[in-house]
>>> print(open('input.txt').read())   # compact mmCIF, C-alpha atoms
# COMPACT_ATOMS: atom_id res chain seq x y z
CA MET A 1 0.00 0.00 0.00
CA THR A 2 1.29 3.47 -0.94
CA THR A 3 1.78 5.84 1.98
CA ARG A 4 2.34 9.47 1.18
CA GLU A 5 3.75 12.14 3.45
CA VAL A 6 3.28 15.89 3.22
CA GLU A 7 4.11 18.92 5.35
CA HIS A 8 2.65 22.42 5.55
CA GLU A 9 3.87 25.30 7.70
CA ILE A 10 3.19 28.90 8.68
CA THR A 11 4.78 31.53 10.91
CA ILE A 12 2.59 33.15 13.56
CA ASP A 13 3.31 36.34 15.51
CA ALA A 14 2.42 35.01 18.94
CA PRO A 15 4.16 32.97 21.65
CA ALA A 16 4.50 29.27 20.87
CA ALA A 17 2.65 28.32 24.07
CA THR A 18 -0.34 30.44 23.01
CA VAL A 19 -0.48 28.68 19.64
CA TYR A 20 -0.25 25.28 21.33
CA ARG A 21 -3.12 26.04 23.71
CA MET A 22 -5.42 27.00 20.85
CA LEU A 23 -4.61 23.81 18.94
CA ALA A 24 -4.93 21.64 22.04
CA ASP A 25 -8.45 22.87 22.79
CA VAL A 26 -10.03 20.89 19.96
CA VAL A 27 -13.62 21.60 21.03
CA HIS A 28 -13.17 25.20 19.80
CA TRP A 29 -11.89 24.16 16.37
CA PRO A 30 -15.26 24.82 14.65
CA ARG A 31 -14.81 28.48 15.61
CA ILE A 32 -11.24 28.86 14.39
CA LEU A 33 -10.65 26.29 11.61
CA PRO A 34 -12.85 26.63 8.50
CA PRO A 35 -13.19 22.91 7.56
CA THR A 36 -14.23 21.78 11.06
CA ILE A 37 -17.99 21.54 11.66
CA HIS A 38 -18.10 19.91 15.10
CA VAL A 39 -15.90 17.91 17.50
CA GLU A 40 -16.77 15.54 20.35
CA ARG A 41 -13.91 14.77 22.75
CA GLU A 42 -13.33 11.87 25.14
CA ALA A 43 -10.35 11.93 27.53
CA THR A 44 -8.70 8.51 27.58
CA GLY A 45 -5.74 9.05 29.94
CA ALA A 46 -2.91 11.44 30.73
CA GLY A 47 -2.17 13.41 27.59
CA GLN A 48 -4.45 11.15 25.53
CA GLU A 49 -7.86 11.78 24.00
CA ARG A 50 -10.15 10.29 21.41
CA ILE A 51 -12.04 12.74 19.20
CA ARG A 52 -14.87 12.36 16.75
CA ILE A 53 -14.65 15.09 14.17
CA TRP A 54 -17.07 16.24 11.49
CA ALA A 55 -15.43 18.34 8.78
CA THR A 56 -15.42 19.12 5.08
CA ALA A 57 -12.92 17.72 2.59
CA ASN A 58 -13.00 18.90 -1.02
CA GLY A 59 -16.45 20.36 -0.34
CA THR A 60 -17.85 17.07 1.01
CA ALA A 61 -18.78 16.61 4.67
CA LYS A 62 -17.07 13.64 6.35
CA THR A 63 -16.77 12.22 9.86
CA TRP A 64 -13.97 10.17 11.42
CA THR A 65 -12.52 9.20 14.80
CA SER A 66 -8.93 9.94 15.85
CA ARG A 67 -6.71 9.46 18.87
CA ARG A 68 -4.54 12.43 19.89
CA THR A 69 -1.46 12.58 22.11
CA LEU A 70 -0.76 15.99 23.63
CA ASP A 71 2.72 17.01 24.77
CA PRO A 72 2.70 20.62 26.08
CA ARG A 73 6.39 20.50 27.03
CA ALA A 74 7.48 19.56 23.52
CA LEU A 75 4.72 21.75 22.00
CA ARG A 76 3.63 18.80 19.89
CA ILE A 77 0.26 17.11 19.21
CA THR A 78 0.25 13.82 17.32
CA PHE A 79 -2.88 12.26 15.83
CA ARG A 80 -3.89 8.98 14.21
CA GLN A 81 -7.28 8.17 12.74
CA GLU A 82 -8.85 5.07 14.31
CA VAL A 83 -11.94 5.03 12.09
CA SER A 84 -11.39 6.76 8.76
CA ALA A 85 -13.88 7.92 6.14
CA PRO A 86 -13.44 6.49 2.62
CA PRO A 87 -11.55 7.00 0.40
CA VAL A 88 -9.03 7.38 3.27
CA ALA A 89 -7.61 4.06 4.47
CA THR A 90 -5.11 5.47 6.99
CA MET A 91 -4.31 9.00 8.14
CA GLY A 92 -2.05 10.42 10.82
CA GLY A 93 0.37 13.20 11.53
CA ALA A 94 1.37 15.90 13.97
CA TRP A 95 1.13 19.57 14.84
CA ILE A 96 4.61 20.82 15.80
CA ILE A 97 5.05 24.33 17.24
CA GLU A 98 8.59 25.72 17.18
CA PRO A 99 9.45 28.95 19.08
CA LEU A 100 11.36 31.39 16.88
CA THR A 101 11.37 34.28 19.36
CA ALA A 102 9.42 35.05 22.52
CA ASP A 103 6.52 36.30 20.37
CA ARG A 104 6.91 34.34 17.16
CA ALA A 105 6.46 30.67 16.31
CA ARG A 106 6.58 28.33 13.35
CA VAL A 107 3.73 25.81 13.07
CA ARG A 108 4.37 22.65 11.06
CA LEU A 109 1.47 20.38 10.14
CA LEU A 110 2.52 16.87 9.07
CA HIS A 111 0.32 14.24 7.43
CA ASP A 112 0.83 10.67 6.25
CA TYR A 113 -1.99 8.88 4.46
CA SER A 114 -3.03 6.01 2.22
CA ALA A 115 -6.12 5.31 0.12
CA VAL A 116 -8.58 2.43 0.14
CA ASP A 117 -7.37 -0.26 -2.29
CA ASP A 118 -4.42 2.02 -3.15
CA ASP A 119 -6.60 3.67 -5.80
CA PRO A 120 -4.55 6.39 -7.60
CA HIS A 121 -7.61 8.60 -8.17
CA ASP A 122 -8.46 8.39 -4.47
CA LEU A 123 -4.85 9.20 -3.55
CA LEU A 124 -5.12 12.32 -5.68
CA TRP A 125 -8.45 13.22 -4.01
CA ILE A 126 -6.87 12.86 -0.56
CA GLU A 127 -3.81 14.87 -1.62
CA ARG A 128 -6.02 17.75 -2.73
CA ALA A 129 -8.15 17.59 0.42
CA VAL A 130 -5.13 17.55 2.75
CA ASP A 131 -3.50 20.44 0.89
CA LYS A 132 -6.67 22.54 0.80
CA ASN A 133 -7.62 21.92 4.44
CA SER A 134 -4.09 22.33 5.79
CA THR A 135 -3.60 25.62 3.96
CA SER A 136 -6.92 27.06 5.15
CA GLU A 137 -6.47 25.75 8.71
CA LEU A 138 -3.00 27.26 9.11
CA ALA A 139 -4.11 30.60 7.65
CA ALA A 140 -7.14 30.73 9.97
CA LEU A 141 -5.04 29.66 12.95
CA LYS A 142 -2.65 32.54 12.27
CA VAL A 143 -5.50 35.08 12.07
CA ASN A 144 -7.21 33.83 15.23
CA VAL A 145 -4.09 33.44 17.37
CA GLU A 146 -2.68 36.82 16.36
CA ALA A 147 -6.01 38.55 16.97
CA ALA A 148 -6.38 36.93 20.39
CA HIS A 149 -2.77 37.77 21.30
CA ALA A 150 -2.92 41.37 20.11
CA ALA A 151 -6.17 42.53 21.64
CA ASP A 152 -9.41 41.62 23.37
CA THR A 153 -11.73 40.15 20.74
CA ASP A 154 -14.66 39.50 23.08
CA GLU A 155 -16.59 42.44 21.65
CA LEU A 156 -16.61 40.88 18.18
CA THR A 157 -17.32 37.28 19.23
CA PHE A 158 -20.28 36.62 21.50
CA SER A 159 -22.74 33.88 22.43
CA PHE A 160 -26.34 33.83 23.62
CA THR A 161 -29.15 31.32 24.20
CA ASP A 162 -32.95 31.35 23.87
CA THR A 163 -34.96 28.75 25.81
CA VAL A 164 -38.62 27.73 25.97
CA GLN A 165 -40.38 25.30 28.30
CA ILE A 166 -42.51 22.71 26.52
CA ASP A 167 -45.31 20.66 28.05
CA GLY A 168 -44.43 17.71 25.86
CA ARG A 169 -41.75 15.19 24.93
CA ALA A 170 -38.19 16.17 24.03
CA LYS A 171 -38.31 13.72 21.11
CA ASP A 172 -41.19 15.54 19.42
CA ALA A 173 -39.51 18.96 19.73
CA PHE A 174 -36.27 17.40 18.50
CA ASP A 175 -38.06 15.89 15.49
CA PHE A 176 -39.49 19.29 14.57
CA VAL A 177 -36.00 20.83 14.34
CA ASN A 178 -34.41 17.74 12.80
CA GLU A 179 -37.00 17.57 10.00
CA ALA A 180 -35.96 20.89 8.48
CA GLN A 181 -37.18 19.83 5.05
CA PHE A 182 -40.70 20.61 6.33
CA TRP A 183 -39.84 24.07 7.67
CA PRO A 184 -41.31 26.02 4.71
CA GLU A 185 -44.70 24.48 5.62
CA ARG A 186 -44.20 24.89 9.37
CA LEU A 187 -42.28 28.16 9.83
CA PRO A 188 -43.49 31.50 8.42
CA HIS A 189 -39.97 32.95 8.15
CA VAL A 190 -38.62 30.06 6.03
CA ALA A 191 -39.39 30.43 2.31
CA VAL A 192 -37.33 27.49 1.01
CA ALA A 193 -35.40 24.67 2.70
CA ARG A 194 -33.20 22.12 0.93
CA LEU A 195 -32.00 19.34 3.26
CA THR A 196 -29.66 16.51 2.28
CA GLU A 197 -28.26 13.77 4.53
CA ASP A 198 -25.93 11.50 2.55
CA THR A 199 -24.22 10.32 5.75
CA PRO A 200 -26.66 9.49 8.60
CA GLY A 201 -26.55 12.25 11.18
CA LEU A 202 -24.60 14.66 8.95
CA GLN A 203 -26.88 17.11 7.15
CA HIS A 204 -26.47 19.96 4.69
CA LEU A 205 -29.22 22.56 5.00
CA GLU A 206 -29.68 25.46 2.61
CA MET A 207 -32.44 27.94 3.42
CA ASP A 208 -34.04 31.11 2.16
CA THR A 209 -35.33 33.02 5.19
CA ARG A 210 -37.38 36.19 5.43
CA ALA A 211 -36.19 39.02 7.67
CA LYS A 212 -38.56 41.38 9.53
CA ASP A 213 -38.08 44.01 6.80
CA GLY A 214 -39.28 41.54 4.16
CA SER A 215 -35.88 40.85 2.59
CA VAL A 216 -34.91 37.24 1.86
CA HIS A 217 -31.47 35.84 2.76
CA THR A 218 -29.92 32.55 1.62
CA THR A 219 -27.79 30.67 4.13
CA ALA A 220 -26.22 27.20 4.16
CA SER A 221 -25.18 25.12 7.15
CA TYR A 222 -23.79 21.73 8.00
CA ARG A 223 -25.66 20.08 10.87
CA VAL A 224 -24.51 17.22 13.11
CA VAL A 225 -27.45 15.33 14.60
CA LEU A 226 -26.79 13.72 17.98
CA PRO A 227 -29.98 11.64 18.22
CA GLY A 228 -32.73 12.69 20.55
CA HIS A 229 -31.14 15.58 22.35
CA ARG A 230 -28.84 17.82 20.31
CA ILE A 231 -28.32 19.23 16.81
CA VAL A 232 -25.09 21.18 16.30
CA TYR A 233 -24.47 23.31 13.22
CA LYS A 234 -21.98 25.56 11.47
CA GLN A 235 -23.10 28.07 8.89
CA VAL A 236 -20.90 28.04 5.78
CA THR A 237 -22.81 30.60 3.71
CA LEU A 238 -23.07 33.61 5.98
CA PRO A 239 -24.98 36.90 6.07
CA ALA A 240 -22.85 40.00 5.45
CA LEU A 241 -22.48 40.98 9.11
CA MET A 242 -20.91 37.67 10.23
CA THR A 243 -17.61 35.88 9.67
CA LEU A 244 -18.66 33.02 11.96
CA HIS A 245 -21.94 31.52 13.09
CA THR A 246 -22.10 28.24 14.99
CA GLY A 247 -24.83 27.00 17.25
CA GLN A 248 -26.81 24.14 18.66
CA TRP A 249 -30.35 23.07 19.46
CA THR A 250 -30.72 21.12 22.71
CA PHE A 251 -33.71 19.28 24.18
CA GLU A 252 -33.66 18.23 27.84
CA ASP A 253 -36.35 16.42 29.79
CA ASN A 254 -37.30 18.01 33.10
CA ALA A 255 -40.09 17.80 35.68
CA ALA A 256 -42.34 20.09 33.64
CA GLY A 257 -41.72 18.45 30.27
CA THR A 258 -38.89 19.67 28.04
CA ALA A 259 -36.48 22.61 28.02
CA ALA A 260 -35.69 23.41 24.38
CA SER A 261 -32.84 25.82 23.70
CA SER A 262 -31.18 27.49 20.74
CA GLN A 263 -27.58 28.65 21.34
CA HIS A 264 -25.60 30.87 18.97
CA THR A 265 -21.94 31.91 18.75
CA VAL A 266 -21.20 34.75 16.33
CA THR A 267 -18.19 36.73 15.15
CA LEU A 268 -19.02 40.06 13.56
CA ASN A 269 -17.70 41.09 10.15
CA THR A 270 -16.61 44.65 10.92
CA ALA A 271 -15.79 45.33 7.25
CA ASN A 272 -19.51 45.26 6.39
CA ILE A 273 -21.01 47.19 9.31
CA ALA A 274 -21.04 50.55 7.52
CA ARG A 275 -22.45 49.09 4.30
CA VAL A 276 -25.27 47.24 6.06
CA LEU A 277 -26.13 49.58 8.94
CA GLY A 278 -24.78 52.97 7.82
CA GLU A 279 -21.56 54.94 8.19
CA GLN A 280 -22.24 55.92 11.80
CA ALA A 281 -23.08 52.41 13.03
CA THR A 282 -21.01 51.03 15.91
CA VAL A 283 -19.91 47.50 16.81
CA ALA A 284 -22.40 47.57 19.69
CA GLN A 285 -25.21 48.37 17.26
CA ALA A 286 -24.09 45.56 14.95
CA ARG A 287 -24.06 43.14 17.89
CA ALA A 288 -27.59 44.17 18.84
CA TYR A 289 -28.80 43.92 15.22
CA VAL A 290 -27.35 40.44 14.68
CA ARG A 291 -28.54 39.14 18.03
CA ASP A 292 -32.06 40.44 17.43
CA ALA A 293 -32.22 38.91 13.94
CA LEU A 294 -30.97 35.49 15.06
CA SER A 295 -32.98 35.47 18.26
CA THR A 296 -36.19 36.41 16.44
CA ASN A 297 -35.84 33.39 14.15
CA SER A 298 -34.78 31.08 17.00
CA ARG A 299 -37.71 32.09 19.19
CA ALA A 300 -40.09 31.62 16.27
CA THR A 301 -38.73 28.12 15.59
CA LEU A 302 -38.82 27.20 19.27
CA GLY A 303 -42.37 28.49 19.55
CA HIS A 304 -43.54 26.34 16.65
CA ALA A 305 -41.59 23.35 18.00
CA LYS A 306 -43.40 23.88 21.31
CA ALA A 307 -46.80 23.92 19.62
CA PHE A 308 -45.88 20.83 17.58
CA ALA A 309 -44.73 18.84 20.64
CA GLU A 310 -47.64 19.92 22.82
CA GLN A 311 -50.10 18.98 20.11
CA LYS A 312 -48.46 15.54 19.92
CA ALA A 313 -48.71 15.23 23.72
>>> encode(input="input.txt", output="structure tokens")
Amino acid sequence: MTTREVEHEITIDAPAATVYRMLADVVHWPRILPPTIHVEREATGAGQERIRIWATANGTAKTWTSRRTLDPRALRITFRQEVSAPPVATMGGAWIIEPLTADRARVRLLHDYSAVDDDPHDLLWIERAVDKNSTSELAALKVNVEAAHAADTDELTFSFTDTVQIDGRAKDAFDFVNEAQFWPERLPHVAVARLTEDTPGLQHLEMDTRAKDGSVHTTASYRVVLPGHRIVYKQVTLPALMTLHTGQWTFEDNAAGTAASSQHTVTLNTANIARVLGEQATVAQARAYVRDALSTNSRATLGHAKAFAEQKA
């Protein structure tokens, strides 16, 4: 079987330990690395963890399981896929952070891989995916680490949650959100919804939604369905005022029925604030505008999910 090896690198203007910490905290990868949709982590021992990752490769959503070994003293994280997604047969590698100065570091990303049945076309597909993802991940890592190191970015990135109490079963509310193909019939603010699920539990959802001013916006998201209780998503086609939008729907049984919540994490696109909201608009106004728009749609969806579940009950 042919095993290929490849290396990518970038220089980041931040301390090596800062870079390492951001890479080690894999749960936050959907916020900082463009291909990553969602990560579930399981600690398996000192410096060891198993992760299930959902990410895009060559524009296709995939999921796989890897084991990672973290070495903060050596500033090195090694990884090896335990369960790969075809056409990948094997995949492994390492993140290596090398201090250049007190405030500058080189990041090297190493991969080794092979293809199912040693197929040359699949090897080429993997080569392109590794190159594309590695290049975008390193570039995004540089931007995020340098921004976090240089200044407080909390004003631009923020999270919030809307919750409703439902006198009904969590499963019925979950089904309402999971079955997004029916949203145009069930939700007044959704004009069109196109849902595909080629891999069970991994959905692509493209929607045309109506804003309060009557305008229609097209968005696209990948959604990871964790059966019965949680749907996590990452928007990949974004409105003008956002550079990041991730979130999750959760459904928890309680004594009164079900607590259904919609959580959002957003990073504002400051380059478009003036164009969208006017020359005098501030970051605070953009935050309020985005939160109101997202919360309005979330509360509407939760309200209809509540009615749906209570009618079932």
>>> closest_residue(input="input.txt", among="A:Ala309, A:Ala191, A:Ile53, A:Leu75", to="Phe174 (chain A)", atoms="all atoms listed in the file")
A:Ala309
>>> atom_distance(input="input.txt", atom1="CA of Ile126 (chain A)", atom2="CA of Asn58 (chain A)")
8.6 Å
>>> closest_residue(input="input.txt", among="A:Glu5, A:Asp13, A:Glu137, A:Asp103", to="Thr56 (chain A)", atoms="all atoms listed in the file")
A:Glu137
>>> closest_residue(input="input.txt", among="A:Thr243, A:Thr18, A:Ser84, A:Gln181", to="Val145 (chain A)", atoms="all atoms listed in the file")
A:Thr18
>>> closest_residue(input="input.txt", among="A:Phe79, A:Tyr113, A:Trp249, A:Trp183", to="Val26 (chain A)", atoms="all atoms listed in the file")
A:Phe79
>>> closest_residue(input="input.txt", among="A:Asp162, A:Met91, A:Thr301, A:Glu252", to="Pro184 (chain A)", atoms="all atoms listed in the file")
A:Thr301
>>> closest_residue(input="input.txt", among="A:Ala129, A:Ala17, A:Ala74, A:Val6", to="Lys62 (chain A)", atoms="all atoms listed in the file")
A:Ala129
>>> closest_atom_pairs(input="input.txt", of="region 4-97 of chain A", to="region 234-242 of chain A", cutoff="10 Å", atoms="all atoms listed in the file", output="tab-separated table")
residue	atom	partner	partner_atom	distance
A:Pro30	CA	A:Lys234	CA	7.5
A:Arg31	CA	A:Lys234	CA	8.8
A:Pro34	CA	A:Val236	CA	8.6
A:Pro35	CA	A:Val236	CA	9.4
A:Thr36	CA	A:Lys234	CA	8.6
A:Ile37	CA	A:Lys234	CA	5.7
A:His38	CA	A:Lys234	CA	7.8
